[in-house]
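Q: I am attaching a structure below and will ask some questions about it afterwards.
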Amino acid sequence: MRKYELMTIYPVEEDKFKAGSDLLKADLAKFGVEIEKEEPFGDRDLTYEINKLRRGRFVLLHIKANPAKISEMDTQFHLNTNLLKYLFVLKTEKDA
């Protein structure tokens, strides 16, 4: 298991945010990912429009995941319509 940071962007509407967040956490649990910490970054303007939206709700997750499962999670996350964007970043030993 390696440590990653997973930055996610959801729509700002509460119902879409809740649905997207719940589905993401269910998908992470399905892949055996351990969520160590969740940091909400709040609502922010997007640099460019995503699905005709100009604002998004940002959440940073600190996770432990199997590196072999990252590509499978990537495929699964594309099916979550309430998840606008996401990015996995591998944490190095000096970051942890």
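Convention: chains lettered A, B, ... in structure tokens order; per-chain residue numbering from 1; ligands numbered from 1 as shown.
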I need the residues in chain A that are helix (DSSP H, G or I) according to DSSP; give them as a list in words.
A: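 Put together, the selection reads Glu14, Asp15, Lys16, Phe17, Lys18, Ala19, Gly20, Ser21, Asp22, Leu23, Leu24, Lys25, Ala26, Asp27, Leu28, Ala29, Lys30, Pro67, Ala68, Lys69, Ile70, Ser71, Glu72, Met73, Asp74, Thr75, Gln76 and Phe77 of chain A.
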Q: How would the residues just picked look written out with N, CA and C atoms as a PDB file, in the first residue's frame?
A:
```pdb
ATOM      1  N   GLU A  14     -25.579  20.988  -3.154  1.00  0.00           N
ATOM      2  CA  GLU A  14     -25.416  20.067  -2.024  1.00  0.00           C
ATOM      3  C   GLU A  14     -25.813  18.638  -2.376  1.00  0.00           C
ATOM      4  N   ASP A  15     -26.929  18.456  -3.090  1.00  0.00           N
ATOM      5  CA  ASP A  15     -27.368  17.099  -3.415  1.00  0.00           C
ATOM      6  C   ASP A  15     -26.406  16.397  -4.371  1.00  0.00           C
ATOM      7  N   LYS A  16     -25.883  17.118  -5.350  1.00  0.00           N
ATOM      8  CA  LYS A  16     -24.917  16.528  -6.286  1.00  0.00           C
ATOM      9  C   LYS A  16     -23.585  16.262  -5.595  1.00  0.00           C
ATOM     10  N   PHE A  17     -23.183  17.167  -4.704  1.00  0.00           N
ATOM     11  CA  PHE A  17     -21.942  16.957  -3.954  1.00  0.00           C
ATOM     12  C   PHE A  17     -22.047  15.713  -3.083  1.00  0.00           C
ATOM     13  N   LYS A  18     -23.156  15.590  -2.354  1.00  0.00           N
ATOM     14  CA  LYS A  18     -23.357  14.453  -1.450  1.00  0.00           C
ATOM     15  C   LYS A  18     -23.401  13.136  -2.227  1.00  0.00           C
ATOM     16  N   ALA A  19     -24.122  13.121  -3.340  1.00  0.00           N
ATOM     17  CA  ALA A  19     -24.229  11.905  -4.154  1.00  0.00           C
ATOM     18  C   ALA A  19     -22.862  11.516  -4.723  1.00  0.00           C
ATOM     19  N   GLY A  20     -22.120  12.490  -5.235  1.00  0.00           N
ATOM     20  CA  GLY A  20     -20.806  12.208  -5.803  1.00  0.00           C
ATOM     21  C   GLY A  20     -19.817  11.744  -4.762  1.00  0.00           C
ATOM     22  N   SER A  21     -19.841  12.378  -3.600  1.00  0.00           N
ATOM     23  CA  SER A  21     -18.929  12.027  -2.513  1.00  0.00           C
ATOM     24  C   SER A  21     -19.230  10.624  -1.983  1.00  0.00           C
ATOM     25  N   ASP A  22     -20.501  10.310  -1.808  1.00  0.00           N
ATOM     26  CA  ASP A  22     -20.880   8.980  -1.318  1.00  0.00           C
ATOM     27  C   ASP A  22     -20.483   7.886  -2.304  1.00  0.00           C
ATOM     28  N   LEU A  23     -20.695   8.135  -3.592  1.00  0.00           N
ATOM     29  CA  LEU A  23     -20.330   7.152  -4.610  1.00  0.00           C
ATOM     30  C   LEU A  23     -18.813   6.969  -4.675  1.00  0.00           C
ATOM     31  N   LEU A  24     -18.072   8.062  -4.554  1.00  0.00           N
ATOM     32  CA  LEU A  24     -16.610   7.974  -4.570  1.00  0.00           C
ATOM     33  C   LEU A  24     -16.108   7.149  -3.388  1.00  0.00           C
ATOM     34  N   LYS A  25     -16.641   7.404  -2.202  1.00  0.00           N
ATOM     35  CA  LYS A  25     -16.215   6.654  -1.017  1.00  0.00           C
ATOM     36  C   LYS A  25     -16.590   5.179  -1.128  1.00  0.00           C
ATOM     37  N   ALA A  26     -17.736   4.874  -1.721  1.00  0.00           N
ATOM     38  CA  ALA A  26     -18.134   3.480  -1.939  1.00  0.00           C
ATOM     39  C   ALA A  26     -17.176   2.804  -2.919  1.00  0.00           C
ATOM     40  N   ASP A  27     -16.785   3.521  -3.968  1.00  0.00           N
ATOM     41  CA  ASP A  27     -15.832   2.972  -4.933  1.00  0.00           C
ATOM     42  C   ASP A  27     -14.475   2.749  -4.287  1.00  0.00           C
ATOM     43  N   LEU A  28     -14.028   3.681  -3.463  1.00  0.00           N
ATOM     44  CA  LEU A  28     -12.745   3.522  -2.782  1.00  0.00           C
ATOM     45  C   LEU A  28     -12.782   2.305  -1.856  1.00  0.00           C
ATOM     46  N   ALA A  29     -13.875   2.128  -1.136  1.00  0.00           N
ATOM     47  CA  ALA A  29     -14.006   0.969  -0.241  1.00  0.00           C
ATOM     48  C   ALA A  29     -13.994  -0.330  -1.037  1.00  0.00           C
ATOM     49  N   LYS A  30     -14.610  -0.314  -2.211  1.00  0.00           N
ATOM     50  CA  LYS A  30     -14.656  -1.510  -3.060  1.00  0.00           C
ATOM     51  C   LYS A  30     -13.249  -1.928  -3.499  1.00  0.00           C
ATOM     52  N   PRO A  67      -1.050   0.307  -5.586  1.00  0.00           N
ATOM     53  CA  PRO A  67      -0.723   0.978  -6.860  1.00  0.00           C
ATOM     54  C   PRO A  67      -1.304   0.271  -8.083  1.00  0.00           C
ATOM     55  N   ALA A  68      -1.486  -1.030  -8.013  1.00  0.00           N
ATOM     56  CA  ALA A  68      -2.034  -1.770  -9.139  1.00  0.00           C
ATOM     57  C   ALA A  68      -3.511  -1.451  -9.379  1.00  0.00           C
ATOM     58  N   LYS A  69      -4.197  -0.924  -8.391  1.00  0.00           N
ATOM     59  CA  LYS A  69      -5.631  -0.634  -8.498  1.00  0.00           C
ATOM     60  C   LYS A  69      -5.927   0.784  -8.993  1.00  0.00           C
ATOM     61  N   ILE A  70      -4.918   1.642  -9.114  1.00  0.00           N
ATOM     62  CA  ILE A  70      -5.143   3.038  -9.491  1.00  0.00           C
ATOM     63  C   ILE A  70      -5.815   3.145 -10.860  1.00  0.00           C
ATOM     64  N   SER A  71      -5.347   2.388 -11.845  1.00  0.00           N
ATOM     65  CA  SER A  71      -5.941   2.476 -13.182  1.00  0.00           C
ATOM     66  C   SER A  71      -7.384   1.960 -13.179  1.00  0.00           C
ATOM     67  N   GLU A  72      -7.677   0.953 -12.368  1.00  0.00           N
ATOM     68  CA  GLU A  72      -9.048   0.465 -12.252  1.00  0.00           C
ATOM     69  C   GLU A  72      -9.941   1.517 -11.601  1.00  0.00           C
ATOM     70  N   MET A  73      -9.425   2.198 -10.582  1.00  0.00           N
ATOM     71  CA  MET A  73     -10.195   3.265  -9.936  1.00  0.00           C
ATOM     72  C   MET A  73     -10.448   4.401 -10.919  1.00  0.00           C
ATOM     73  N   ASP A  74      -9.445   4.718 -11.731  1.00  0.00           N
ATOM     74  CA  ASP A  74      -9.581   5.765 -12.730  1.00  0.00           C
ATOM     75  C   ASP A  74     -10.753   5.458 -13.661  1.00  0.00           C
ATOM     76  N   THR A  75     -10.834   4.223 -14.117  1.00  0.00           N
ATOM     77  CA  THR A  75     -11.933   3.814 -14.990  1.00  0.00           C
ATOM     78  C   THR A  75     -13.272   3.931 -14.272  1.00  0.00           C
ATOM     79  N   GLN A  76     -13.332   3.530 -13.018  1.00  0.00           N
ATOM     80  CA  GLN A  76     -14.577   3.584 -12.245  1.00  0.00           C
ATOM     81  C   GLN A  76     -15.004   5.024 -11.973  1.00  0.00           C
ATOM     82  N   PHE A  77     -14.060   5.903 -11.697  1.00  0.00           N
ATOM     83  CA  PHE A  77     -14.388   7.296 -11.383  1.00  0.00           C
ATOM     84  C   PHE A  77     -15.000   8.019 -12.576  1.00  0.00           C
TER      85      PHE A  77
END
```
Q: Please return, as a tab-separated table (two decimals) with N, CA and C atoms, in the first residue's frame, all residues of chain A that DSSP assigns to strand (DSSP E) on the basis of the backbone.
A:
```
chain	number	residue	atom	x	y	z
A	2	ARG	N	0.54	2.17	-0.86
A	2	ARG	CA	1.26	3.44	-0.92
A	2	ARG	C	0.32	4.57	-0.54
A	3	LYS	N	0.92	5.67	-0.12
A	3	LYS	CA	0.13	6.84	0.25
A	3	LYS	C	-0.03	7.76	-0.96
A	4	TYR	N	-1.27	8.23	-1.13
A	4	TYR	CA	-1.61	9.14	-2.22
A	4	TYR	C	-2.43	10.29	-1.66
A	5	GLU	N	-2.41	11.39	-2.39
A	5	GLU	CA	-3.37	12.46	-2.18
A	5	GLU	C	-4.32	12.41	-3.37
A	6	LEU	N	-5.61	12.47	-3.10
A	6	LEU	CA	-6.62	12.45	-4.14
A	6	LEU	C	-7.41	13.75	-4.06
A	7	MET	N	-7.16	14.66	-5.01
A	7	MET	CA	-7.90	15.92	-5.07
A	7	MET	C	-9.13	15.69	-5.93
A	8	THR	N	-10.28	16.06	-5.42
A	8	THR	CA	-11.54	15.86	-6.14
A	8	THR	C	-12.28	17.19	-6.25
A	9	ILE	N	-13.03	17.33	-7.34
A	9	ILE	CA	-13.87	18.51	-7.56
A	9	ILE	C	-15.28	18.03	-7.88
A	10	TYR	N	-16.25	18.54	-7.13
A	10	TYR	CA	-17.65	18.21	-7.29
A	10	TYR	C	-18.44	19.46	-7.65
A	34	GLU	N	-7.88	2.80	2.01
A	34	GLU	CA	-8.06	3.33	3.36
A	34	GLU	C	-7.97	4.85	3.30
A	35	ILE	N	-9.02	5.54	3.73
A	35	ILE	CA	-9.02	7.00	3.78
A	35	ILE	C	-8.45	7.42	5.12
A	36	GLU	N	-7.30	8.09	5.10
A	36	GLU	CA	-6.65	8.52	6.34
A	36	GLU	C	-7.20	9.86	6.82
A	37	LYS	N	-7.46	10.76	5.89
A	37	LYS	CA	-7.89	12.10	6.27
A	37	LYS	C	-8.64	12.73	5.10
A	38	GLU	N	-9.63	13.56	5.42
A	38	GLU	CA	-10.40	14.28	4.40
A	38	GLU	C	-10.36	15.77	4.73
A	39	GLU	N	-9.91	16.56	3.78
A	39	GLU	CA	-9.81	18.01	3.97
A	39	GLU	C	-10.69	18.75	2.97
A	40	PRO	N	-11.80	19.34	3.42
A	40	PRO	CA	-12.60	20.15	2.49
A	40	PRO	C	-11.89	21.49	2.22
A	41	PHE	N	-11.82	21.86	0.96
A	41	PHE	CA	-11.22	23.12	0.57
A	41	PHE	C	-12.26	24.17	0.24
A	42	GLY	N	-13.53	23.80	0.25
A	42	GLY	CA	-14.61	24.74	0.01
A	42	GLY	C	-14.92	24.94	-1.46
A	43	ASP	N	-15.81	25.89	-1.72
A	43	ASP	CA	-16.23	26.21	-3.08
A	43	ASP	C	-15.28	27.25	-3.66
A	44	ARG	N	-14.85	26.99	-4.90
A	44	ARG	CA	-13.91	27.89	-5.57
A	44	ARG	C	-14.28	28.04	-7.04
A	45	ASP	N	-13.84	29.15	-7.62
A	45	ASP	CA	-14.00	29.33	-9.06
A	45	ASP	C	-13.08	28.38	-9.79
A	46	LEU	N	-13.56	27.84	-10.90
A	46	LEU	CA	-12.75	26.96	-11.73
A	46	LEU	C	-11.99	27.79	-12.75
A	47	THR	N	-10.82	27.35	-13.13
A	47	THR	CA	-10.01	28.05	-14.12
A	47	THR	C	-10.70	28.04	-15.48
A	48	TYR	N	-11.36	26.95	-15.79
A	48	TYR	CA	-12.11	26.83	-17.03
A	48	TYR	C	-13.39	26.06	-16.74
A	49	GLU	N	-14.36	26.19	-17.62
A	49	GLU	CA	-15.65	25.51	-17.42
A	49	GLU	C	-15.48	23.99	-17.51
A	50	ILE	N	-16.16	23.31	-16.62
A	50	ILE	CA	-16.24	21.85	-16.66
A	50	ILE	C	-17.72	21.51	-16.65
A	53	LEU	N	-20.04	24.33	-15.89
A	53	LEU	CA	-20.03	24.88	-14.53
A	53	LEU	C	-18.79	25.74	-14.34
A	54	ARG	N	-18.94	26.85	-13.61
A	54	ARG	CA	-17.84	27.76	-13.36
A	54	ARG	C	-17.30	27.68	-11.93
A	55	ARG	N	-18.04	26.99	-11.05
A	55	ARG	CA	-17.59	26.81	-9.66
A	55	ARG	C	-17.62	25.34	-9.30
A	56	GLY	N	-16.77	24.96	-8.36
A	56	GLY	CA	-16.72	23.59	-7.91
A	56	GLY	C	-16.39	23.51	-6.44
A	57	ARG	N	-16.73	22.38	-5.83
A	57	ARG	CA	-16.41	22.15	-4.43
A	57	ARG	C	-15.22	21.19	-4.38
A	58	PHE	N	-14.14	21.65	-3.78
A	58	PHE	CA	-12.88	20.91	-3.74
A	58	PHE	C	-12.74	20.15	-2.42
A	59	VAL	N	-12.30	18.89	-2.51
A	59	VAL	CA	-12.05	18.06	-1.34
A	59	VAL	C	-10.76	17.29	-1.58
A	60	LEU	N	-9.85	17.33	-0.60
A	60	LEU	CA	-8.59	16.59	-0.68
A	60	LEU	C	-8.67	15.39	0.25
A	61	LEU	N	-8.38	14.20	-0.29
A	61	LEU	CA	-8.38	12.97	0.50
A	61	LEU	C	-6.96	12.43	0.58
A	62	HIS	N	-6.53	12.08	1.78
A	62	HIS	CA	-5.25	11.40	1.99
A	62	HIS	C	-5.59	9.93	2.11
A	63	ILE	N	-5.07	9.11	1.20
A	63	ILE	CA	-5.48	7.71	1.14
A	63	ILE	C	-4.27	6.78	1.08
A	64	LYS	N	-4.51	5.52	1.41
A	64	LYS	CA	-3.56	4.44	1.21
A	64	LYS	C	-4.20	3.48	0.23
A	65	ALA	N	-3.49	3.20	-0.88
A	65	ALA	CA	-4.06	2.36	-1.91
A	65	ALA	C	-3.01	1.46	-2.54
A	85	LYS	N	-13.76	16.43	-11.65
A	85	LYS	CA	-12.34	16.15	-11.92
A	85	LYS	C	-11.73	15.52	-10.68
A	86	TYR	N	-10.62	14.81	-10.89
A	86	TYR	CA	-9.88	14.21	-9.78
A	86	TYR	C	-8.44	14.03	-10.23
A	87	LEU	N	-7.55	13.94	-9.24
A	87	LEU	CA	-6.14	13.76	-9.53
A	87	LEU	C	-5.49	12.98	-8.40
A	88	PHE	N	-4.81	11.90	-8.75
A	88	PHE	CA	-4.03	11.13	-7.80
A	88	PHE	C	-2.60	11.66	-7.80
A	89	VAL	N	-2.03	11.89	-6.61
A	89	VAL	CA	-0.63	12.30	-6.48
A	89	VAL	C	0.03	11.37	-5.48
A	90	LEU	N	1.10	10.71	-5.89
A	90	LEU	CA	1.84	9.82	-5.01
A	90	LEU	C	2.63	10.65	-4.02
```
Q: Taking only C-alpha atoms into account, which of A:Phe31, A:Glu13, A:Met1, A:Thr81 comes nearest Asn51 (chain A)?
A: A:Thr81
